[in-house]
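Student: The file below is upload35.cif, mmCIF, C-alpha atoms:
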data_query
#
loop_
_atom_site.label_atom_id
_atom_site.label_comp_id
_atom_site.auth_asym_id
_atom_site.auth_seq_id
_atom_site.Cartn_x
_atom_site.Cartn_y
_atom_site.Cartn_z
CA MET A 703 0.00 0.00 0.00
CA GLU A 704 2.87 2.28 0.91
CA PHE A 705 4.51 1.41 -2.39
CA PHE A 706 1.36 2.38 -4.30
CA ARG A 707 1.00 5.65 -2.44
CA ARG A 708 4.61 6.56 -3.19
CA TYR A 709 4.34 5.80 -6.89
CA ARG A 710 0.64 6.77 -7.31
CA ASP A 711 1.28 9.69 -9.61
CA PHE A 712 3.70 7.66 -11.65
CA PHE A 713 1.15 4.86 -12.11
CA ILE A 714 -1.61 7.27 -13.05
CA CYS A 715 0.63 8.88 -15.67
CA VAL A 716 1.63 5.51 -17.11
CA VAL A 717 -2.01 4.37 -17.32
CA LEU A 718 -3.14 7.64 -18.89
CA LEU A 719 -0.33 7.52 -21.42
CA GLY A 720 -1.02 3.87 -22.18
CA LEU A 721 -4.79 4.13 -22.60
CA PRO A 722 -4.60 6.17 -25.82
CA PHE A 723 -2.82 3.28 -27.50
CA ILE A 724 -5.83 1.06 -26.77
CA PHE A 725 -8.00 3.71 -28.45
CA LEU A 726 -5.61 3.86 -31.34
CA GLN A 727 -5.55 0.08 -31.64
CA ALA A 728 -9.38 -0.05 -31.70
CA ASN A 729 -9.68 2.78 -34.18
CA THR A 730 -7.11 1.62 -36.66
CA LYS A 731 -8.11 -2.04 -36.58
CA ASP A 732 -9.75 -3.56 -39.65
CA PRO A 733 -13.57 -3.39 -38.97
CA GLY A 734 -13.90 -7.12 -39.63
CA LYS A 735 -11.42 -7.94 -36.88
CA GLN A 736 -12.88 -5.63 -34.20
CA ASN A 737 -14.00 -7.27 -30.94
CA ALA A 738 -16.66 -6.12 -28.40
CA PHE A 739 -14.16 -3.99 -26.49
CA ASP A 740 -13.04 -2.20 -29.66
CA ARG A 741 -16.66 -1.47 -30.54
CA PHE A 742 -17.32 -0.17 -27.00
CA VAL A 743 -14.35 2.20 -27.26
CA LEU A 744 -15.57 3.47 -30.62
CA ARG A 745 -19.15 3.88 -29.40
CA LEU A 746 -17.92 5.88 -26.41
CA SER A 747 -16.62 8.69 -28.60
CA THR A 748 -19.75 9.14 -30.76
CA PRO A 749 -21.98 11.24 -28.39
CA ILE A 750 -19.08 13.39 -27.23
CA GLN A 751 -18.03 13.93 -30.82
CA TYR A 752 -21.60 14.93 -31.75
CA VAL A 753 -21.93 17.46 -28.90
CA THR A 754 -18.48 18.94 -29.51
CA SER A 755 -18.87 19.32 -33.25
CA THR A 756 -22.37 20.81 -32.82
CA VAL A 757 -21.08 23.45 -30.38
CA ALA A 758 -18.10 24.26 -32.63
CA ARG A 759 -20.30 24.48 -35.71
CA THR A 760 -22.85 26.71 -33.93
CA VAL A 761 -20.16 29.12 -32.70
CA SER A 762 -18.59 29.15 -36.16
CA ASP A 763 -21.97 29.80 -37.81
CA VAL A 764 -22.82 32.62 -35.39
CA TRP A 765 -19.45 34.27 -35.97
CA GLY A 766 -19.66 33.72 -39.72
CA SER A 767 -23.16 35.18 -39.80
CA TYR A 768 -22.01 38.22 -37.84
CA VAL A 769 -19.12 38.92 -40.23
CA TYR A 770 -21.48 38.31 -43.16
CA LEU A 771 -24.09 40.65 -41.70
CA VAL A 772 -21.55 43.45 -41.24
CA ASP A 773 -20.78 43.20 -44.98
CA VAL A 774 -24.48 43.06 -45.80
CA ARG A 775 -25.15 46.18 -43.72
CA GLU A 776 -22.49 48.16 -45.59
CA GLU A 777 -23.79 46.90 -48.92
CA ASN A 778 -27.33 47.71 -47.87
CA GLU A 779 -26.35 51.27 -46.98
CA PHE A 780 -24.66 51.72 -50.36
CA LEU A 781 -27.65 50.25 -52.22
CA ARG A 782 -30.07 52.46 -50.29
CA MET A 783 -28.12 55.57 -51.30
CA GLU A 784 -27.92 54.34 -54.88
CA ASN A 785 -31.65 53.63 -54.85
CA ASN A 786 -32.41 57.15 -53.59
CA ARG A 787 -30.20 58.67 -56.28
CA LEU A 788 -31.85 56.58 -59.01
CA ARG A 789 -35.32 57.35 -57.67
CA LYS A 790 -34.57 61.07 -57.85
CA LEU A 791 -33.27 60.63 -61.39
CA GLY A 792 -36.36 58.59 -62.29
CA GLY A 793 -38.63 61.29 -60.88
CA LYS A 794 -36.76 63.96 -62.82
CA ALA A 795 -36.96 61.92 -66.05
CA SER A 796 -40.66 61.31 -65.53
CA GLN A 797 -41.20 65.05 -64.94
CA LEU A 798 -39.25 65.89 -68.11
CA GLU A 799 -41.27 63.34 -70.06
CA THR A 800 -44.56 64.86 -68.82
CA ASP A 801 -43.34 68.39 -69.62
CA ASN A 802 -42.18 67.27 -73.05
CA ALA A 803 -45.54 65.66 -73.87
CA ARG A 804 -47.41 68.76 -72.68
CA LEU A 805 -45.23 71.15 -74.68
CA ARG A 806 -45.50 68.98 -77.82
CA ALA A 807 -49.29 68.97 -77.49
CA MET A 808 -49.30 72.73 -77.05
CA LEU A 809 -47.07 73.13 -80.10
CA ALA A 810 -49.42 71.00 -82.18
CA PHE A 811 -52.37 73.01 -80.85
CA ARG A 812 -50.68 76.31 -81.76
CA ASP A 813 -50.04 75.10 -85.32
CA SER A 814 -53.66 73.99 -85.70
CA LEU A 815 -55.05 77.47 -84.97
CA LYS A 816 -55.35 80.13 -87.67
CA VAL A 817 -54.91 83.08 -85.31
CA LYS A 818 -51.87 84.67 -83.75
CA LEU A 819 -50.96 83.34 -80.36
CA VAL A 820 -48.93 84.76 -77.53
CA ALA A 821 -47.39 82.10 -75.33
CA ALA A 822 -47.44 82.77 -71.60
CA GLN A 823 -46.63 81.02 -68.39
CA VAL A 824 -48.76 80.94 -65.30
CA ILE A 825 -46.76 82.61 -62.56
CA GLY A 826 -49.37 82.95 -59.86
CA LYS A 827 -52.53 81.27 -58.74
CA ASN A 828 -55.21 82.71 -56.57
CA THR A 829 -56.78 79.93 -54.59
CA SER A 830 -59.92 79.84 -52.52
CA SER A 831 -60.39 78.31 -49.11
CA TYR A 832 -61.07 75.03 -50.89
CA PHE A 833 -57.71 75.25 -52.64
CA ARG A 834 -59.40 75.81 -56.00
CA VAL A 835 -57.78 78.14 -58.48
CA VAL A 836 -60.14 81.00 -59.19
CA ARG A 837 -57.70 83.36 -60.89
CA ILE A 838 -54.30 83.02 -62.54
CA VAL A 839 -51.56 85.51 -63.38
CA ILE A 840 -49.52 85.16 -66.57
CA ASP A 841 -46.13 86.62 -67.48
CA ARG A 842 -47.42 88.75 -70.37
CA GLY A 843 -48.53 92.31 -69.91
CA GLN A 844 -49.00 95.59 -71.66
CA GLY A 845 -48.11 95.64 -75.35
CA ALA A 846 -48.55 91.92 -75.85
CA VAL A 847 -52.08 91.36 -74.56
CA GLN A 848 -55.21 93.35 -73.88
CA PRO A 849 -58.26 92.82 -71.65
CA GLY A 850 -60.87 90.52 -73.15
CA MET A 851 -58.44 88.33 -75.12
CA ALA A 852 -59.10 84.59 -74.91
CA VAL A 853 -56.70 82.41 -72.95
CA VAL A 854 -56.46 78.76 -74.00
CA THR A 855 -54.35 75.63 -73.70
CA HIS A 856 -54.20 72.59 -75.97
CA GLU A 857 -56.88 71.07 -73.73
CA GLY A 858 -59.35 73.91 -74.23
CA LEU A 859 -60.54 77.28 -73.03
CA VAL A 860 -59.09 78.67 -69.80
CA GLY A 861 -60.74 82.10 -69.65
CA GLN A 862 -60.08 85.66 -70.76
CA VAL A 863 -57.63 88.41 -69.88
CA ASP A 864 -59.28 90.56 -67.23
CA ARG A 865 -56.72 93.14 -66.24
CA VAL A 866 -53.32 94.06 -67.63
CA TRP A 867 -50.65 95.84 -65.69
CA ASP A 868 -47.02 96.33 -66.46
CA LYS A 869 -45.69 92.91 -67.56
CA PHE A 870 -48.40 90.77 -66.05
CA SER A 871 -52.03 89.98 -66.68
CA ASP A 872 -54.89 88.71 -64.59
CA VAL A 873 -56.96 85.96 -66.19
CA LEU A 874 -60.64 85.52 -65.46
CA LEU A 875 -61.38 81.81 -65.56
CA THR A 876 -64.44 80.34 -67.31
CA VAL A 877 -65.65 79.05 -63.95
CA ASP A 878 -65.74 82.58 -62.49
CA ALA A 879 -69.26 83.91 -61.89
CA LYS A 880 -68.39 87.03 -63.89
CA SER A 881 -67.36 85.05 -66.96
CA SER A 882 -69.72 84.48 -69.91
CA VAL A 883 -68.90 82.84 -73.24
CA ASP A 884 -71.11 82.12 -76.24
CA VAL A 885 -71.02 78.35 -76.87
CA TYR A 886 -72.77 75.50 -78.61
CA VAL A 887 -73.03 71.78 -78.12
CA GLU A 888 -70.80 70.25 -80.77
CA ARG A 889 -73.12 67.29 -81.51
CA ASN A 890 -76.29 69.24 -82.39
CA LYS A 891 -75.14 72.87 -82.47
CA SER A 892 -77.53 73.87 -79.65
CA ARG A 893 -76.45 77.35 -78.62
CA GLY A 894 -76.32 78.91 -75.20
CA LEU A 895 -74.42 81.23 -72.91
CA LEU A 896 -71.77 79.61 -70.71
CA LYS A 897 -71.44 81.20 -67.31
CA GLY A 898 -69.23 80.28 -64.38
CA THR A 899 -71.07 79.05 -61.32
CA GLY A 900 -68.51 80.66 -59.02
CA ASP A 901 -68.74 77.61 -56.82
CA SER A 902 -65.52 77.65 -54.83
CA SER A 903 -65.75 73.96 -54.05
CA ARG A 904 -65.66 72.77 -57.67
CA TYR A 905 -64.80 73.84 -61.19
CA GLU A 906 -68.12 74.13 -62.92
CA CYS A 907 -69.96 76.23 -65.52
CA LYS A 908 -73.58 76.39 -66.55
CA ILE A 909 -75.08 76.89 -70.01
CA GLU A 910 -78.03 79.26 -69.92
CA TYR A 911 -80.57 80.11 -72.62
CA LEU A 912 -80.34 76.62 -74.04
CA LEU A 913 -83.61 75.84 -75.86
CA LYS A 914 -85.68 73.18 -74.15
CA THR A 915 -86.42 71.60 -77.53
CA ASP A 916 -82.73 70.86 -78.12
CA GLU A 917 -81.67 67.39 -77.09
CA VAL A 918 -78.64 67.79 -74.84
CA GLN A 919 -77.24 64.98 -72.74
CA PRO A 920 -74.35 64.39 -70.33
CA GLY A 921 -71.09 63.71 -72.16
CA ASP A 922 -71.79 66.17 -74.97
CA VAL A 923 -68.77 68.30 -75.88
CA VAL A 924 -69.25 72.06 -75.62
CA VAL A 925 -67.20 74.42 -77.83
CA THR A 926 -67.05 78.18 -78.36
CA SER A 927 -69.43 79.48 -81.04
CA GLY A 928 -67.36 82.51 -82.13
CA MET A 929 -70.54 84.63 -82.22
CA ASP A 930 -69.31 86.96 -79.46
CA THR A 931 -66.21 87.79 -81.56
CA GLN A 932 -64.16 87.52 -78.39
CA PHE A 933 -63.44 83.80 -78.66
CA PRO A 934 -62.74 82.02 -81.96
CA GLU A 935 -65.12 79.27 -82.98
CA GLY A 936 -64.43 75.66 -82.11
CA VAL A 937 -62.33 75.98 -78.95
CA VAL A 938 -63.30 73.17 -76.60
CA VAL A 939 -64.77 74.38 -73.33
CA GLY A 940 -65.76 71.18 -71.59
CA THR A 941 -68.32 68.37 -71.43
CA VAL A 942 -71.89 68.40 -70.22
CA SER A 943 -72.12 66.75 -66.81
CA LYS A 944 -75.81 67.32 -65.93
CA VAL A 945 -78.95 68.59 -67.68
CA ARG A 946 -82.07 70.04 -66.04
CA LYS A 947 -85.21 70.84 -68.03
CA ARG A 948 -87.50 73.40 -66.47
CA GLU A 949 -91.22 72.66 -66.32
CA PHE A 950 -92.08 76.14 -67.45
CA GLY A 951 -90.37 78.47 -69.89
CA LEU A 952 -88.41 78.05 -73.11
CA PHE A 953 -85.02 77.06 -71.78
CA GLN A 954 -83.20 74.26 -70.08
CA GLU A 955 -79.97 74.32 -68.08
CA ALA A 956 -76.83 72.24 -68.56
CA TRP A 957 -73.82 72.04 -66.29
CA VAL A 958 -70.42 71.79 -67.89
CA GLU A 959 -67.19 70.41 -66.51
CA PRO A 960 -64.20 72.35 -67.97
CA SER A 961 -61.86 70.37 -70.20
CA VAL A 962 -58.84 72.13 -68.70
CA ASP A 963 -57.67 71.12 -65.26
CA LEU A 964 -57.42 74.65 -63.91
CA SER A 965 -55.53 73.65 -60.79
CA ARG A 966 -52.65 72.27 -62.86
CA VAL A 967 -52.46 74.70 -65.76
CA LYS A 968 -48.87 75.85 -66.38
CA ASP A 969 -48.50 77.15 -69.94
CA VAL A 970 -51.21 79.01 -71.86
CA PHE A 971 -51.74 80.86 -75.13
CA VAL A 972 -53.39 84.25 -75.42
CA LEU A 973 -55.31 84.56 -78.70
CA VAL A 974 -54.79 87.86 -80.51
CA PRO A 975 -58.09 88.53 -82.34
CA GLY A 976 -58.09 89.67 -85.99
CA ALA A 977 -54.42 88.88 -86.51
CA GLY A 978 -53.73 85.94 -88.80
CA LYS A 979 -50.53 83.94 -88.68
CA MET B 24 -14.04 22.09 -9.07
CA LYS B 25 -10.75 23.70 -10.11
CA ASN B 26 -10.07 20.81 -12.50
CA LEU B 27 -13.53 21.17 -13.97
CA GLY B 28 -12.85 24.87 -14.62
CA VAL B 29 -9.58 23.99 -16.34
CA VAL B 30 -11.32 21.34 -18.49
CA ALA B 31 -14.05 23.87 -19.36
CA ALA B 32 -11.42 26.47 -20.31
CA GLY B 33 -9.58 23.86 -22.38
CA TYR B 34 -12.81 22.87 -24.11
CA PHE B 35 -13.50 26.53 -24.88
CA LEU B 36 -10.04 26.78 -26.48
CA ILE B 37 -10.73 23.63 -28.54
CA VAL B 38 -13.92 25.22 -29.86
CA ALA B 39 -12.07 28.52 -30.44
CA GLN B 40 -9.30 26.84 -32.39
CA SER B 41 -11.86 24.93 -34.43
CA VAL B 42 -13.64 28.22 -35.26
CA LEU B 43 -10.29 29.87 -36.05
CA GLY B 44 -9.44 26.98 -38.37
CA ASN B 45 -12.71 27.55 -40.25
CA LEU B 46 -12.13 31.29 -40.47
CA ILE B 47 -8.49 31.17 -41.53
CA GLY B 48 -9.18 28.45 -44.07
CA ARG B 49 -5.68 26.93 -43.86
CA GLU B 50 -5.57 24.44 -41.00
CA SER B 51 -1.79 24.63 -40.67
CA MET B 52 -1.96 28.33 -39.92
CA SER B 53 -4.48 27.84 -37.13
CA PRO B 54 -2.68 27.83 -33.75
CA ASN B 55 -3.01 24.90 -31.38
CA LEU B 56 -4.56 26.83 -28.50
CA LEU B 57 -5.11 23.75 -26.38
CA LEU B 58 -1.46 22.77 -26.54
CA ALA B 59 -0.44 26.30 -25.50
CA PHE B 60 -2.84 26.07 -22.56
CA MET B 61 -1.45 22.66 -21.54
CA LEU B 62 2.08 24.11 -21.68
CA PHE B 63 0.92 26.88 -19.39
CA LEU B 64 -0.32 24.23 -16.93
CA GLY B 65 3.08 22.54 -17.21
CA ALA B 66 4.81 25.86 -16.57
CA ILE B 67 2.87 26.53 -13.38
CA ASP B 68 3.36 22.94 -12.21
CA TYR B 69 -0.27 21.89 -12.15
CA GLY B 70 0.74 18.47 -10.84
CA SER B 71 1.86 15.36 -12.61
CA ALA B 72 -1.16 13.08 -12.07
CA ARG B 73 -3.75 15.84 -12.02
CA GLY B 74 -2.25 17.65 -14.98
CA THR B 75 -1.90 14.42 -17.00
CA ALA B 76 -5.54 13.51 -16.26
CA VAL B 77 -6.79 16.94 -17.40
CA CYS B 78 -4.59 16.71 -20.51
CA PHE B 79 -5.88 13.22 -21.19
CA VAL B 80 -9.53 14.38 -21.10
CA LEU B 81 -8.85 17.45 -23.22
CA GLY B 82 -6.67 15.49 -25.66
CA TYR B 83 -9.53 13.04 -26.10
CA LEU B 84 -11.97 15.93 -26.68
CA LEU B 85 -9.55 17.36 -29.24
CA ASP B 86 -9.44 14.00 -31.00
CA VAL B 87 -13.22 13.77 -31.31
CA THR B 88 -13.51 17.42 -32.34
CA SER B 89 -10.77 17.42 -34.93
CA GLY B 90 -11.93 14.15 -36.44
CA ALA B 91 -8.53 12.60 -35.81
CA VAL B 92 -8.20 8.93 -34.90
CA SER B 93 -9.11 8.66 -31.22
CA GLY B 94 -5.97 8.32 -29.19
CA ILE B 95 -3.55 10.53 -31.08
CA HIS B 96 -4.05 13.76 -29.15
CA THR B 97 -5.14 11.76 -26.11
CA PHE B 98 -1.55 10.60 -26.00
CA VAL B 99 0.33 13.56 -27.46
CA VAL B 100 -1.16 16.28 -25.23
CA PRO B 101 -0.42 14.58 -21.85
CA ALA B 102 2.98 13.44 -23.10
CA THR B 103 3.94 16.97 -24.22
CA TYR B 104 2.63 18.32 -20.93
CA LEU B 105 4.80 15.93 -18.89
CA VAL B 106 7.92 16.60 -20.96
CA PHE B 107 7.38 20.37 -20.92
CA ARG B 108 6.74 20.33 -17.17
CA ALA B 109 9.95 18.40 -16.55
CA VAL B 110 12.01 20.68 -18.82
CA TYR B 111 10.46 23.90 -17.52
CA ALA B 112 11.19 22.91 -13.91
CA ARG B 113 14.89 22.56 -14.73
CA ILE B 114 15.31 25.79 -16.66
CA MET B 115 15.79 28.90 -14.59
CA LEU B 116 14.44 31.30 -17.19
CA SER B 117 11.07 32.91 -17.81
CA GLY B 118 9.54 35.84 -19.77
CA ILE B 119 7.61 36.21 -23.01
CA VAL B 120 10.52 35.55 -25.40
CA PHE B 121 11.53 32.41 -23.60
CA GLN B 122 7.89 31.37 -23.36
CA ILE B 123 7.41 31.77 -27.11
CA LEU B 124 10.61 29.88 -27.88
CA LEU B 125 9.73 27.02 -25.57
CA THR B 126 6.18 26.81 -26.89
CA PHE B 127 7.55 26.67 -30.43
CA LEU B 128 9.85 23.76 -29.53
CA ALA B 129 7.11 21.94 -27.60
CA SER B 130 4.67 22.39 -30.47
CA LEU B 131 7.30 21.07 -32.87
CA ALA B 132 7.85 18.06 -30.63
CA ALA B 133 4.10 17.43 -30.37
CA GLY B 134 3.77 17.64 -34.16
CA LEU B 135 6.60 15.17 -34.63
CA MET B 136 4.92 12.79 -32.18
CA ILE B 137 1.67 13.01 -34.20
CA VAL B 138 3.49 12.30 -37.43
CA ALA B 139 5.27 9.34 -35.83
CA ILE B 140 2.05 7.86 -34.38
CA ARG B 141 0.17 8.23 -37.64
CA THR B 142 2.99 6.59 -39.51
CA LEU B 143 3.03 3.68 -37.05
CA PHE B 144 -0.70 3.10 -36.55
CA GLU B 145 -2.40 4.43 -39.65
CA ARG B 146 0.48 3.58 -41.96
CA SER B 147 -0.10 6.99 -43.53
CA VAL B 148 2.08 8.02 -46.42
CA PHE B 149 3.37 11.57 -45.92
CA SER B 150 4.96 14.07 -48.14
CA TRP B 151 7.78 14.99 -45.76
CA ARG B 152 8.13 18.42 -47.30
CA VAL B 153 4.44 19.20 -46.71
CA ALA B 154 4.55 17.67 -43.22
CA ALA B 155 7.61 19.76 -42.31
CA GLU B 156 6.04 22.92 -43.65
CA THR B 157 2.78 22.27 -41.77
CA LEU B 158 4.68 21.53 -38.57
CA LEU B 159 6.72 24.67 -38.82
CA VAL B 160 3.82 27.00 -39.65
CA ASN B 161 1.59 25.49 -36.96
CA SER B 162 4.35 25.71 -34.36
CA VAL B 163 5.05 29.36 -35.19
CA ALA B 164 1.33 30.17 -34.98
CA THR B 165 1.00 28.37 -31.65
CA ALA B 166 4.13 30.06 -30.26
CA LEU B 167 2.91 33.50 -31.28
CA VAL B 168 -0.45 33.15 -29.53
CA SER B 169 1.05 31.54 -26.44
CA PRO B 170 1.47 34.84 -24.48
CA VAL B 171 -2.27 35.46 -24.86
CA VAL B 172 -3.14 31.92 -23.85
CA PHE B 173 -0.76 32.06 -20.89
CA ARG B 174 -2.36 35.31 -19.75
CA LEU B 175 -5.81 33.74 -20.10
CA GLY B 176 -4.52 30.72 -18.17
CA ARG B 177 -3.35 32.96 -15.31
CA LEU B 178 -6.89 34.30 -14.99
CA ILE B 179 -8.21 30.77 -14.55
CA VAL B 180 -5.36 29.18 -12.60
CA PRO B 181 -3.23 31.76 -10.74
CA GLU B 182 0.52 31.01 -10.75
CA SER B 183 2.17 30.25 -7.37
CA PRO B 184 4.42 33.16 -6.17
CA ARG B 185 7.25 30.78 -5.35
CA LYS B 186 7.49 29.67 -8.95
CA LYS B 187 7.83 33.26 -10.16
CA GLU B 188 10.55 34.22 -7.75
CA GLU B 189 12.77 31.30 -8.66
CA LYS B 190 13.11 32.25 -12.34
CA VAL B 191 15.13 34.83 -14.20
CA VAL B 192 12.95 36.86 -16.57
CA VAL B 193 14.20 36.96 -20.18
#
Can you dump the structure from the file as structure tokens?
Tutor:
Amino acid sequence: MEFFRRYRDFFICVVLLGLPFIFLQANTKDPGKQNAFDRFVLRLSTPIQYVTSTVARTVSDVWGSYVYLVDVREENEFLRMENNRLRKLGGKASQLETDNARLRAMLAFRDSLKVKLVAAQVIGKNTSSYFRVVRIVIDRGQGAVQPGMAVVTHEGLVGQVDRVWDKFSDVLLTVDAKSSVDVYVERNKSRGLLKGTGDSSRYECKIEYLLKTDEVQPGDVVVTSGMDTQFPEGVVVGTVSKVRKREFGLFQEAWVEPSVDLSRVKDVFVLVPGAGK
Amino acid sequence: MKNLGVVAAGYFLIVAQSVLGNLIGRESMSPNLLLAFMLFLGAIDYGSARGTAVCFVLGYLLDVTSGAVSGIHTFVVPATYLVFRAVYARIMLSGIVFQILLTFLASLAAGLMIVAIRTLFERSVFSWRVAAETLLVNSVATALVSPVVFRLGRLIVPESPRKKEEKVVV
């Protein structure tokens, strides 16, 4: 016993250094020649191996994912900036395309008319409490235009020049209660007087003195008649949205929706009467 | 309890060196952290039987983790520990440079033992040039990280003051 106690450490070391050779023997033996002990030694390592490799793989995956995510974050930031830049460019291109289409249409409209036109830009809009445009200001004034001249776009009639001062002019829109234009329904030539309703909540006009015997229906296109000598004949004003026949009297009423979107009008033409191209 | 802490720390280093191996890509360049830790235990005289037992367990864990034939590291790690412990006790030098040098030599010796065992038991055919290159690179990597591992080891198993006083710092 005393002998064992004295050499205990030595024995433990010898056993621990010898045991691995049993493992090695079992592991390197031909599978056909393995005995029960060899199989036990091999089976012993399987669960430990599984746990160890799982932990190592998990740590490796977590670390790998972190490094990967750092790269992804940088790439994401770059792509977000690139996306913003391209979106701005796209917006600009779309705006240019819209402007181009509008200007081409206006050019075609100008060429189609037989009268002299003065091009003008809307530089100010007078809006009501409902954010409806009730009056616009154009960048053409004295010398170029005079009060009463018609203001149009390629989409149709906008109104007439009301006041002129210095280099600017005030335009009275067709929807203004003070505005009146001689018009007819394009389909059956039914004549009437177009007046603005002055309704600040919507853009709307009304045709008065329209004979009750004339068949007018919603969707009919209304154009200027040219009888008032102020507006040339055939300029589109809008479409009939509602018709009301009175029980008594000679006339009926028709409401017209302007063909021009007055809240978005940017470029207009002022028609110079009596002057050919 | 102390032994369990050492085994846990050793196991952590096995996992760390496995992760490092995956990240570096070249296995030879991945340092043998466990061996460096075992050398630290040898340097602080962790005890012959106790130290050999801990090395045995961790060597076995390294075998199953690395996919090596069970028994190779189970033998090499305790054997290197015992040799290093015996050598370190007889050398009156210490310090980082000496530590790195000794770790390099111990790692080289451990690598040679592995090559010898594999040749004997597995009858593996080696390209000696490749084996030498791997041994050298791995030993350098292990030696270079040894100061960090030794510092980590001191946090887990504090060195005895007597041991420090006896040595001349290089």
Student: Convert the output of the PyMOL selection byres ((chain B and resi 96-103) around 7) on the shown file into explicit residues, formatted as an mmCIF file with C-alpha atoms, in the frame of the given file.
Tutor:
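This is the output file expr-v4.cif:
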data_model
loop_
_atom_site.group_PDB
_atom_site.id
_atom_site.type_symbol
_atom_site.label_atom_id
_atom_site.label_comp_id
_atom_site.auth_asym_id
_atom_site.auth_seq_id
_atom_site.Cartn_x
_atom_site.Cartn_y
_atom_site.Cartn_z
ATOM 1 C CA LEU A 719 -0.330 7.520 -21.420
ATOM 2 C CA PRO A 722 -4.600 6.170 -25.820
ATOM 3 C CA LEU B 58 -1.460 22.770 -26.540
ATOM 4 C CA THR B 75 -1.900 14.420 -17.000
ATOM 5 C CA CYS B 78 -4.590 16.710 -20.510
ATOM 6 C CA PHE B 79 -5.880 13.220 -21.190
ATOM 7 C CA GLY B 82 -6.670 15.490 -25.660
ATOM 8 C CA TYR B 83 -9.530 13.040 -26.100
ATOM 9 C CA LEU B 85 -9.550 17.360 -29.240
ATOM 10 C CA ASP B 86 -9.440 14.000 -31.000
ATOM 11 C CA GLY B 94 -5.970 8.320 -29.190
ATOM 12 C CA ILE B 95 -3.550 10.530 -31.080
ATOM 13 C CA TYR B 104 2.630 18.320 -20.930
ATOM 14 C CA LEU B 105 4.800 15.930 -18.890
ATOM 15 C CA VAL B 106 7.920 16.600 -20.960
ATOM 16 C CA PHE B 107 7.380 20.370 -20.920
ATOM 17 C CA ALA B 129 7.110 21.940 -27.600
ATOM 18 C CA ALA B 133 4.100 17.430 -30.370
ATOM 19 C CA MET B 136 4.920 12.790 -32.180
ATOM 20 C CA ILE B 137 1.670 13.010 -34.200
#
Student: For range 843-858 of chain A, find every residue with an atom within 6 Å (counting all atoms listed in the file), except residues of its own chain fewer than 4 positions away, and show them as JSON, numbers by chain.
Tutor: {"A": [808, 811, 862, 863, 864, 865, 866, 867, 868, 869, 870, 871, 933, 937, 938, 939, 961, 962, 970, 971, 972, 973]}
Student: As an exercise, work out the distance from CA of Leu81 in chain B to CA of Thr730 in chain A in Å and give it to one decimal place.
Tutor: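 Result for CA of Leu81 in chain B versus CA of Thr730 in chain A: 20.8 Å, one decimal.
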Student: On this structure, the PyMOL selection byres ((chain A and resi 953) around 9) would catch which residues? List them as a PyMOL selection string, sorted by chain and number.
Tutor: chain A and resi 910-915+947-948+950-952+954-955
Student: Please write the residues from the selection above to a file, keeping C-alpha atoms, as an mmCIF file, keeping the file's coordinate frame.
Tutor:
data_model
loop_
_atom_site.group_PDB
_atom_site.id
_atom_site.type_symbol
_atom_site.label_atom_id
_atom_site.label_comp_id
_atom_site.auth_asym_id
_atom_site.auth_seq_id
_atom_site.Cartn_x
_atom_site.Cartn_y
_atom_site.Cartn_z
ATOM 1 C CA GLU A 910 -78.030 79.260 -69.920
ATOM 2 C CA TYR A 911 -80.570 80.110 -72.620
ATOM 3 C CA LEU A 912 -80.340 76.620 -74.040
ATOM 4 C CA LEU A 913 -83.610 75.840 -75.860
ATOM 5 C CA LYS A 914 -85.680 73.180 -74.150
ATOM 6 C CA THR A 915 -86.420 71.600 -77.530
ATOM 7 C CA LYS A 947 -85.210 70.840 -68.030
ATOM 8 C CA ARG A 948 -87.500 73.400 -66.470
ATOM 9 C CA PHE A 950 -92.080 76.140 -67.450
ATOM 10 C CA GLY A 951 -90.370 78.470 -69.890
ATOM 11 C CA LEU A 952 -88.410 78.050 -73.110
ATOM 12 C CA GLN A 954 -83.200 74.260 -70.080
ATOM 13 C CA GLU A 955 -79.970 74.320 -68.080
#
Student: Which value, in Å to one decimal, gives the distance between CA of Val77 in chain B and CA of Asn729 in chain A?
Tutor: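 These atoms are spaced 22.1 Å apart.
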Student: May I ask for the distance between CA of Cys907 in chain A and CA of Thr876 in chain A, given in Å to one decimal place?
Tutor: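 Between CA of Cys907 in chain A and CA of Thr876 in chain A the gap works out to 7.1 Å.
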Student: Identify the residues within 12 Å of coordinate (12.7, 21.2, -17.1) (same frame as the file), considering all atoms listed in the file, and give the answer as an MDAnalysis selection string.
Tutor: chainID B and resid 62 65:68 104:117 125 129
Student: Could you check which of B:Phe144, B:Phe127, B:Trp151, B:Tyr69 is closest to Pro54 in chain B, using all atoms listed in the file?
Tutor: B:Phe127
Student: Mind telling me what the PyMOL selection byres ((chain B and resi 163-171) around 9) catches here, as a ChimeraX atom specification?
Tutor: /B:51-56,58-60,62-63,119,122-128,130-131,158-162,172-176
Student: Hey, which of A:Leu744, A:Val883, A:Leu781, A:Val772 ends up closest to Pro934 in chain A? Count all atoms listed in the file.
Tutor: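 Answer, going by the shortest atom-to-atom distance: A:Val883.
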Student: Nearest residue to chain A out of B:Gly33, B:Gly74, B:Gly28, B:Gly118, using only C-alpha atoms?
Tutor: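 Nearest candidate to chain A out of B:Gly33, B:Gly74, B:Gly28, B:Gly118: B:Gly74.
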Student: Quick one: everything within 10 Å of range 712-714 of chain A, counting only C-alpha atoms, minus sequence neighbours fewer than 3 positions away in the same chain. Send it as a ChimeraX atom specification.
Tutor: /A:706-709,717-720 /B:71-73,75-76
